[in-house]
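Chemist: Next up is a structure, given as C-alpha cells.
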Amino acid sequence: MKNKFNRSLQKTALGACLAASISPAAFATDFSVSVENLTRGIHFTPLLVAAHTDGTALFSAGSAASAELQAMAEGGDSSGLETMVDGLGATRVSNPASGLLVPGASTTANLNTDGTSNDSLSIVGMMLPTNDGFVGLNAIEIPTEAGTYTFYANGYDAGTEANDEIRGSGAVGESGFPAPGPIDTGALSAGTDGTGVSATAESFVHIHRGALGDTNSAAGESDLDSTVHRWLNPIAKITITVN
C-alpha cells in the first residue's frame, strides 16, 4: 500500500487484486488495457486510462474529492484530471471507446511508457446514470512480465452530490444526474417524475451504495428503473496484456 501524496492526486487502496508477483525494480513499457462494462444498464462516460509514477493517484477513498474528480464524477468531464496527469508526465489514453462504453461492451487502450517511470495505472469514468458515481481503478502497479493479468474495478461515489436519483443538468454543484442522451430513455421515467430519494452528500470518496431506483415510471422517488439500473460491485473487468 502506498501513502505518498502529490498535490491533489492521492494514493488509495484498490478494488482489484494482482494475479502475479511484480518486480519493484522494473516496469512494463508496452502493454494494452481492456475495460469491459459488466453492468446491466449503466454506461461509462469517456474513460481516462493513465500510466503514471509511483506515489500519485486520481483519488483517495475516505478523503474529499478534488474539484477535478468532482467534475468527472458529476458530469463526465475528465479534462481536469487529464491536465493533472499530463503535468506529472503521465502516459494516457482518453476516450478509447470513442464515446460511451455501453453495458456488456469492452474497449482497449494501448500504452507505451518507454523512457518514463510510469509504473502505476489508473482508470476512471463517470457511471451514467448516477449522481456522482464513477468506475475506478486507482494506481495499481503495472505487471512487469509478459502475460495477461485480470483485475476487477468497483463503482465509487465521489461524495460531492446527494444521490437523489433525479435527472438534472449534470452541471457541477447542481442536483441531479445528466440527461441520458443515447441511453435508452424507455428505461428511465419520461421526464423528471421522481420526488427524489432522501440523501445527502457524504463529502468523501467511498464505495458506491448502488442505484436504488423504483418501478414507477410516472412518479415514485427515483427517475431510475430498479429493474435496469440496479447494480452491485464489481462493475468492470480490466485486462492488462503485457507484450
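A note on labels: chains of the C-alpha cells are A, B, ... as shown, every chain counts residues from 1, and ligands are counted from 1 in their shown order.
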What lies within 10 Å of range 71-79 of chain A using only C-alpha atoms, ignoring chain neighbours under 4 positions off, as a VMD selection string?
Modeler: chain A and resid 44 to 48 65 to 67 83 to 84 94 to 95 124 to 135 156 to 161 169 to 179
Chemist: Include C-alpha atoms and write out the residues we just selected as a PDB file, in the first residue's frame.
Modeler:
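Writing the result to out.pdb gives the following:
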```pdb
ATOM      1  CA  PHE A  44     -19.413   4.639 -18.633  1.00  0.00           C
ATOM      2  CA  THR A  45     -18.672   8.116 -19.925  1.00  0.00           C
ATOM      3  CA  PRO A  46     -15.423   8.538 -21.918  1.00  0.00           C
ATOM      4  CA  LEU A  47     -12.726   6.805 -19.906  1.00  0.00           C
ATOM      5  CA  LEU A  48      -9.365   8.148 -18.829  1.00  0.00           C
ATOM      6  CA  ALA A  65     -12.730  14.551  -3.835  1.00  0.00           C
ATOM      7  CA  SER A  66     -10.685  17.096  -5.751  1.00  0.00           C
ATOM      8  CA  ALA A  67     -12.502  19.578  -7.974  1.00  0.00           C
ATOM      9  CA  THR A  83      -4.437  18.174 -17.220  1.00  0.00           C
ATOM     10  CA  MET A  84      -3.317  16.944 -13.813  1.00  0.00           C
ATOM     11  CA  SER A  94      -8.547   9.369 -23.283  1.00  0.00           C
ATOM     12  CA  ASN A  95     -11.873   8.115 -24.599  1.00  0.00           C
ATOM     13  CA  VAL A 124     -11.791   6.439 -14.232  1.00  0.00           C
ATOM     14  CA  GLY A 125     -15.080   7.287 -15.911  1.00  0.00           C
ATOM     15  CA  MET A 126     -18.472   8.505 -14.721  1.00  0.00           C
ATOM     16  CA  MET A 127     -21.250   5.958 -14.305  1.00  0.00           C
ATOM     17  CA  LEU A 128     -24.332   7.122 -16.169  1.00  0.00           C
ATOM     18  CA  PRO A 129     -26.973   7.480 -14.878  1.00  0.00           C
ATOM     19  CA  THR A 130     -25.739   8.248 -11.357  1.00  0.00           C
ATOM     20  CA  ASN A 131     -25.414  11.486  -9.436  1.00  0.00           C
ATOM     21  CA  ASP A 132     -21.684  11.291  -8.752  1.00  0.00           C
ATOM     22  CA  GLY A 133     -20.707   7.677  -9.260  1.00  0.00           C
ATOM     23  CA  PHE A 134     -17.630   6.568 -11.191  1.00  0.00           C
ATOM     24  CA  VAL A 135     -15.807   3.412 -12.119  1.00  0.00           C
ATOM     25  CA  TYR A 156     -17.099   4.668  -6.289  1.00  0.00           C
ATOM     26  CA  ASP A 157     -19.112   7.630  -5.037  1.00  0.00           C
ATOM     27  CA  ALA A 158     -17.309  10.982  -5.127  1.00  0.00           C
ATOM     28  CA  GLY A 159     -19.318  12.155  -2.117  1.00  0.00           C
ATOM     29  CA  THR A 160     -19.879  15.564  -3.709  1.00  0.00           C
ATOM     30  CA  GLU A 161     -23.573  15.274  -4.565  1.00  0.00           C
ATOM     31  CA  SER A 169     -28.380  19.242 -15.877  1.00  0.00           C
ATOM     32  CA  GLY A 170     -25.321  17.317 -14.758  1.00  0.00           C
ATOM     33  CA  ALA A 171     -23.594  20.618 -14.027  1.00  0.00           C
ATOM     34  CA  VAL A 172     -21.125  20.510 -11.152  1.00  0.00           C
ATOM     35  CA  GLY A 173     -22.808  21.700  -7.962  1.00  0.00           C
ATOM     36  CA  GLU A 174     -26.335  21.191  -9.292  1.00  0.00           C
ATOM     37  CA  SER A 175     -28.533  18.347  -8.121  1.00  0.00           C
ATOM     38  CA  GLY A 176     -29.422  15.548 -10.498  1.00  0.00           C
ATOM     39  CA  PHE A 177     -27.643  13.312 -12.981  1.00  0.00           C
ATOM     40  CA  PRO A 178     -27.035  14.277 -16.631  1.00  0.00           C
ATOM     41  CA  ALA A 179     -29.676  13.644 -19.278  1.00  0.00           C
TER      42      ALA A 179
END
```
Chemist: Separation of CA of Ala219 in chain A and CA of Thr200 in chain A, in Å?
Modeler: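 It comes out at 21.0 Å.
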Chemist: Neighbouring residues of Leu88 in chain A were defined as those with any atom within 12 Å, considering only C-alpha atoms; residues of the same chain fewer than 2 positions away were excluded. Please report them as an MDAnalysis selection string.
Modeler: chainID A and resid 6:9 50:58 81:86 90:92 116:118
Chemist: For Asn138 in chain A, which residue among A:Ile42, A:Ala61, A:Leu224, A:Ala162 is the nearest when counting only C-alpha atoms?
Modeler: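 Result for the nearest residue to Asn138 in chain A: A:Ala61.
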Chemist: What is the CA of Ser120 in chain A to CA of Ala139 in chain A distance in Å?
Modeler: 5.0 Å
Chemist: Can you list, as a ChimeraX atom specification, every protein, DNA or RNA residue that comes within 7 Å of range 225-235 of chain A when you count only C-alpha atoms, leaving out same-chain residues fewer than 5 positions away?
Modeler: /A:37-42,152-155,187-188,210-215
Chemist: Looking at only C-alpha atoms, which of A:Asp30, A:Glu36, A:Glu165, A:Glu141 is the one that sits closest to Thr108 in chain A?
Modeler: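 Smallest separation from Thr108 in chain A among the options: A:Glu36.
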Chemist: Considering only C-alpha atoms, can you say which of A:Ile240, A:Gly196, A:Ser222, A:Thr29 comes closest to Ile140 in chain A?
Modeler: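 That would be A:Ile240, the residue with the smallest distance to Ile140 in chain A.
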Chemist: Just checking: using only C-alpha atoms, which residue out of A:Thr195, A:Ala236, A:Asn243, A:Ala146 ends up closest to Pro103 in chain A?
Modeler: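 Counting only C-alpha atoms, the residue closest to Pro103 in chain A is A:Ala236.
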Chemist: Using only C-alpha atoms, can you tell me which of A:Val205, A:Ile142, A:Leu100, A:Leu111 comes closest to Gly62 in chain A?
Modeler: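 Among A:Val205, A:Ile142, A:Leu100, A:Leu111, it is A:Val205 that comes nearest to Gly62 in chain A.
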Chemist: So how far away is CA of Gly104 in chain A from CA of Gly194 in chain A, in Å?
Modeler: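 If I compute the distance from CA of Gly194 in chain A to CA of Gly104 in chain A, I get 27.6 Å.
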Chemist: Rank nothing, just name the residue among A:Ser198, A:Asn163, A:Ser98, A:Ser32 nearest to Asn112 in chain A, using only C-alpha atoms.
Modeler: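 Of all the options, A:Ser32 lies closest to Asn112 in chain A.
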Chemist: Where does DSSP see strand (DSSP E or B) in range 171-243 of chain A, if you list the residues as a list in words?
Modeler: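 Taking range 171-243 of chain A and keeping strand (DSSP E or B) gives Phe177, Leu188, His206, Ile207, Asp214, Leu224, Asp225, Ala236, Lys237, Ile238, Thr239, Ile240, Thr241 and Val242 of chain A.
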Chemist: Any chance you could export the current selection's N, CA and C atoms as a PDB file, in the first residue's frame?
Modeler:
```pdb
ATOM      1  N   PHE A 177     -28.610  13.888 -12.056  1.00  0.00           N
ATOM      2  CA  PHE A 177     -27.643  13.312 -12.981  1.00  0.00           C
ATOM      3  C   PHE A 177     -27.900  13.817 -14.399  1.00  0.00           C
ATOM      4  N   LEU A 188     -35.886   4.922 -18.420  1.00  0.00           N
ATOM      5  CA  LEU A 188     -35.967   5.995 -17.443  1.00  0.00           C
ATOM      6  C   LEU A 188     -37.368   6.575 -17.441  1.00  0.00           C
ATOM      7  N   HIS A 206     -16.001   7.151  -1.503  1.00  0.00           N
ATOM      8  CA  HIS A 206     -16.267   5.846  -0.884  1.00  0.00           C
ATOM      9  C   HIS A 206     -16.868   4.890  -1.908  1.00  0.00           C
ATOM     10  N   ILE A 207     -16.952   3.630  -1.539  1.00  0.00           N
ATOM     11  CA  ILE A 207     -17.606   2.645  -2.390  1.00  0.00           C
ATOM     12  C   ILE A 207     -19.082   3.023  -2.530  1.00  0.00           C
ATOM     13  N   ASP A 214     -36.790   2.676  -8.627  1.00  0.00           N
ATOM     14  CA  ASP A 214     -38.118   2.146  -8.311  1.00  0.00           C
ATOM     15  C   ASP A 214     -38.716   1.623  -9.606  1.00  0.00           C
ATOM     16  N   LEU A 224     -34.813   6.467 -11.796  1.00  0.00           N
ATOM     17  CA  LEU A 224     -34.148   5.268 -12.283  1.00  0.00           C
ATOM     18  C   LEU A 224     -35.075   4.062 -12.164  1.00  0.00           C
ATOM     19  N   ASP A 225     -34.959   3.161 -13.114  1.00  0.00           N
ATOM     20  CA  ASP A 225     -35.723   1.918 -13.112  1.00  0.00           C
ATOM     21  C   ASP A 225     -34.886   0.867 -12.383  1.00  0.00           C
ATOM     22  N   ALA A 236     -16.624  -3.506 -13.517  1.00  0.00           N
ATOM     23  CA  ALA A 236     -15.789  -3.565 -14.714  1.00  0.00           C
ATOM     24  C   ALA A 236     -14.694  -4.608 -14.573  1.00  0.00           C
ATOM     25  N   LYS A 237     -14.389  -5.238 -15.682  1.00  0.00           N
ATOM     26  CA  LYS A 237     -13.274  -6.182 -15.746  1.00  0.00           C
ATOM     27  C   LYS A 237     -12.144  -5.521 -16.517  1.00  0.00           C
ATOM     28  N   ILE A 238     -10.976  -5.478 -15.900  1.00  0.00           N
ATOM     29  CA  ILE A 238      -9.808  -4.845 -16.504  1.00  0.00           C
ATOM     30  C   ILE A 238      -8.793  -5.937 -16.851  1.00  0.00           C
ATOM     31  N   THR A 239      -8.415  -5.993 -18.115  1.00  0.00           N
ATOM     32  CA  THR A 239      -7.425  -6.980 -18.555  1.00  0.00           C
ATOM     33  C   THR A 239      -6.195  -6.246 -19.081  1.00  0.00           C
ATOM     34  N   ILE A 240      -5.064  -6.477 -18.448  1.00  0.00           N
ATOM     35  CA  ILE A 240      -3.798  -5.878 -18.877  1.00  0.00           C
ATOM     36  C   ILE A 240      -2.984  -6.969 -19.595  1.00  0.00           C
ATOM     37  N   THR A 241      -2.592  -6.669 -20.798  1.00  0.00           N
ATOM     38  CA  THR A 241      -1.755  -7.586 -21.563  1.00  0.00           C
ATOM     39  C   THR A 241      -0.391  -6.945 -21.765  1.00  0.00           C
ATOM     40  N   VAL A 242       0.614  -7.517 -21.133  1.00  0.00           N
ATOM     41  CA  VAL A 242       1.988  -7.009 -21.245  1.00  0.00           C
ATOM     42  C   VAL A 242       2.671  -7.718 -22.388  1.00  0.00           C
TER      43      VAL A 242
END
```
